[in-house]
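Written below as structure tokens is the structure these notes are about.
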Amino acid sequence: MTTLRTPAQLCDHGLAPPDQRAALDAVAGRYAVALPQALADLIDPNDPHDPIARQFVPDAAELVTQLEELADPIGDDAHTPVEGIVHRYPDRVLLKLTPICAVYCRFCFRREMVGPEKGKALSAAAFERALDYIRSRPEIWEVILTGGDPLVLSPRRLRDVMKRLAAIDHVKVLRVHTRVPVAEPAKVTADLVRAIKVKGKPTYLALHINHPRELTQAARAACARLADAGIPLLGQSVLLAGVNDTPQLLAELMRALVECRIKPYYLHHGDLAPGTAHLRTDITTGQDLMRALRGRLSGLCQPAYVLDIPGGHGKSPIGPNYLTPAGPNGSAHYMVEDFNGGRRRYPPAG
Ligand code: SF4
């Protein structure tokens, strides 16, 4: 087995129910499917609620689109001044080089844009126009290579892209968003690591990981190759119903990330992508989980719980609030909640 790409292959390997085949074919006709061996091996075919399968094996529920769900839930299109660029915040841009991913997540916020049928790789001419856009805007401090998954590109192509970006004086930081170290850890070769590391400009790597089981020995070794090369690693996780929405699992995930030298960065609330309602939690659940983490785990293990506001208005932190004003309006007195849920006066009464 290498990568499974059709419901027929998933059924043949016992990873999808054959009696659902027609519905799953309809799902695959709408949204890309790819399940590489490293992730397929993690699925327990006897567990109908397997958290790895929930993330990557298509489900008939994806055919149901809710009224509030949107084809472009975080509003990339509204902020695309030239092909391949999303410029939402003043000091940074996204650069989308390819619509291809190593694995297609069933909850993907770009599911209408990723996959071999959905888009095309940025052409050489479009890449030059994207570079011109970045060059002509000195306020762009950071360039973020994102999905599809930039690490599916060859090391040679990546090296060229990174060098060209690093040569722009005002671009000080490069960032790459990827799922490759968990989806295809063998792809993280010394050549690939060298390709994303450029002289004089730091490259941060943001890894998308949602369940501790994804951090296999091979994935951990791939992360170690990146960390040993001096590449700072950040963790991005999506809060998903039936995957990581318990305090125990989320705690295990955050600790596993830190043990792999990956600093938890964001815990994303599930986006309103079409056909993903069965994987979304509500915001109150997310806030309760964040409270549970705050009480139990080291500060290193605390991500920011964020919501991408539909329509392209950017991310906002939506974690629980620990501070409430106390006393008359305008006074600098507060009640602050401690990690046990106790309420303390600040400043303390004299
Ligand atoms: S790897 Fe990222 S871009 Fe690709 S399908 Fe998963 S969430 Fe979407």
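FYI, nothing fancy with the structure tokens labels: chains A, B, ... in order, residues from 1 per chain, ligands from 1 as they appear.
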
Distance limit 6 Å, reference ligand 1, atoms considered: only C-alpha atoms and all ligand atoms. Which residues make the cut? Give them as a PyMOL selection string. chain A and resi 101+103-105+108+110+147-149+179

DSSP-assigned helix (DSSP H, G or I) members of segment 94-306 of chain A, reported as a ChimeraX atom specification: /A:124-135,150-152,155-166,180-183,185-187,190-196,212-214,217-228,247-259,277-279,283-296,299-301

With only C-alpha atoms counted and 12 Å as the cut-off, give the residues of segment 167-215 of chain A in contact with segment 115-139 of chain A, each with its shortest interatomic distance in Å and the pair that gives it, as a tab-separated table.
```
residue	atom	partner	partner_atom	distance
A:Ala167	CA	A:Arg135	CA	9.7
A:Ile168	CA	A:Arg135	CA	6.3
A:Asp169	CA	A:Arg135	CA	8.4
A:His170	CA	A:Pro138	CA	5.7
A:Val171	CA	A:Pro138	CA	8.0
A:Lys172	CA	A:Glu139	CA	10.6
```

Nearest candidate to Gly311 of chain A (options A:Cys11, A:Leu250, A:Val64, A:Ala71; using only C-alpha atoms):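 Going through A:Cys11, A:Leu250, A:Val64, A:Ala71 one by one, the smallest distance to Gly311 of chain A is for A:Ala71.
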
Which polymer residues have any atom within 10 Å of an atom of Ala190 of chain A, counting only C-alpha atoms, with same-chain residues fewer than 6 positions away left out, as a PyMOL selection string? chain A and resi 155+222+225-226+229

Select, from A:Val243, A:Ala273, A:Ala195, A:Leu145, the residue with the minimum atom-to-atom distance to Arg175 of chain A, counting only C-alpha atoms.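 Among the listed residues, the smallest separation from Arg175 of chain A belongs to A:Leu145.
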
Set the distance at 10 Å and use only C-alpha atoms: which residues neighbour Pro320 of chain A once local chain neighbours fewer than 5 positions away are removed? I'd like the list as a ChimeraX atom specification. /A:283-284,286-291,305

My list of candidates is A:Thr276, A:Thr285, A:Thr324, A:Thr80. Which is closest to Arg111 of chain A when distances are computed with only C-alpha atoms?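 The closest residue to Arg111 of chain A is A:Thr276.
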
Expressed in Å to a single decimal, how great is the separation between atom CA of Met113 of chain A and atom CA of Ala32 of chain A? 9.6 Å

What's around segment 330-344 of chain A at 12 Å? Count only C-alpha atoms, leave out sequence neighbours fewer than 3 positions away in its own chain, and write the answer as a ChimeraX atom specification. /A:288,290-299,320-327,347-349

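Here the question is which of A:Arg156, A:Arg345, A:Lys263, A:Arg255 gets nearest to Ala206 of chain A using only C-alpha atoms, and that residue is A:Lys263.
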
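Non-sequential neighbours of Thr65 of chain A (distance at most 8 Å, separation of 2 or more positions within a chain, only C-alpha atoms) are Glu62, Leu63, Leu67, Glu69, Pro274, Gly275, Thr276 and Ala277 of chain A.
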
Within 12 Å of Lys315 of chain A, counting only C-alpha atoms, which residues show up once you throw out same-chain ones fewer than 3 positions away? Write them as a ChimeraX atom specification, please. /A:74-75,88-89,266-269,271,304-312,318

Would you list, as a ChimeraX atom specification, the residues of segment 252-323 of chain A that end up in strand (DSSP E or B) under DSSP run on this structure's backbone? /A:262-268,304-308,315-317,323
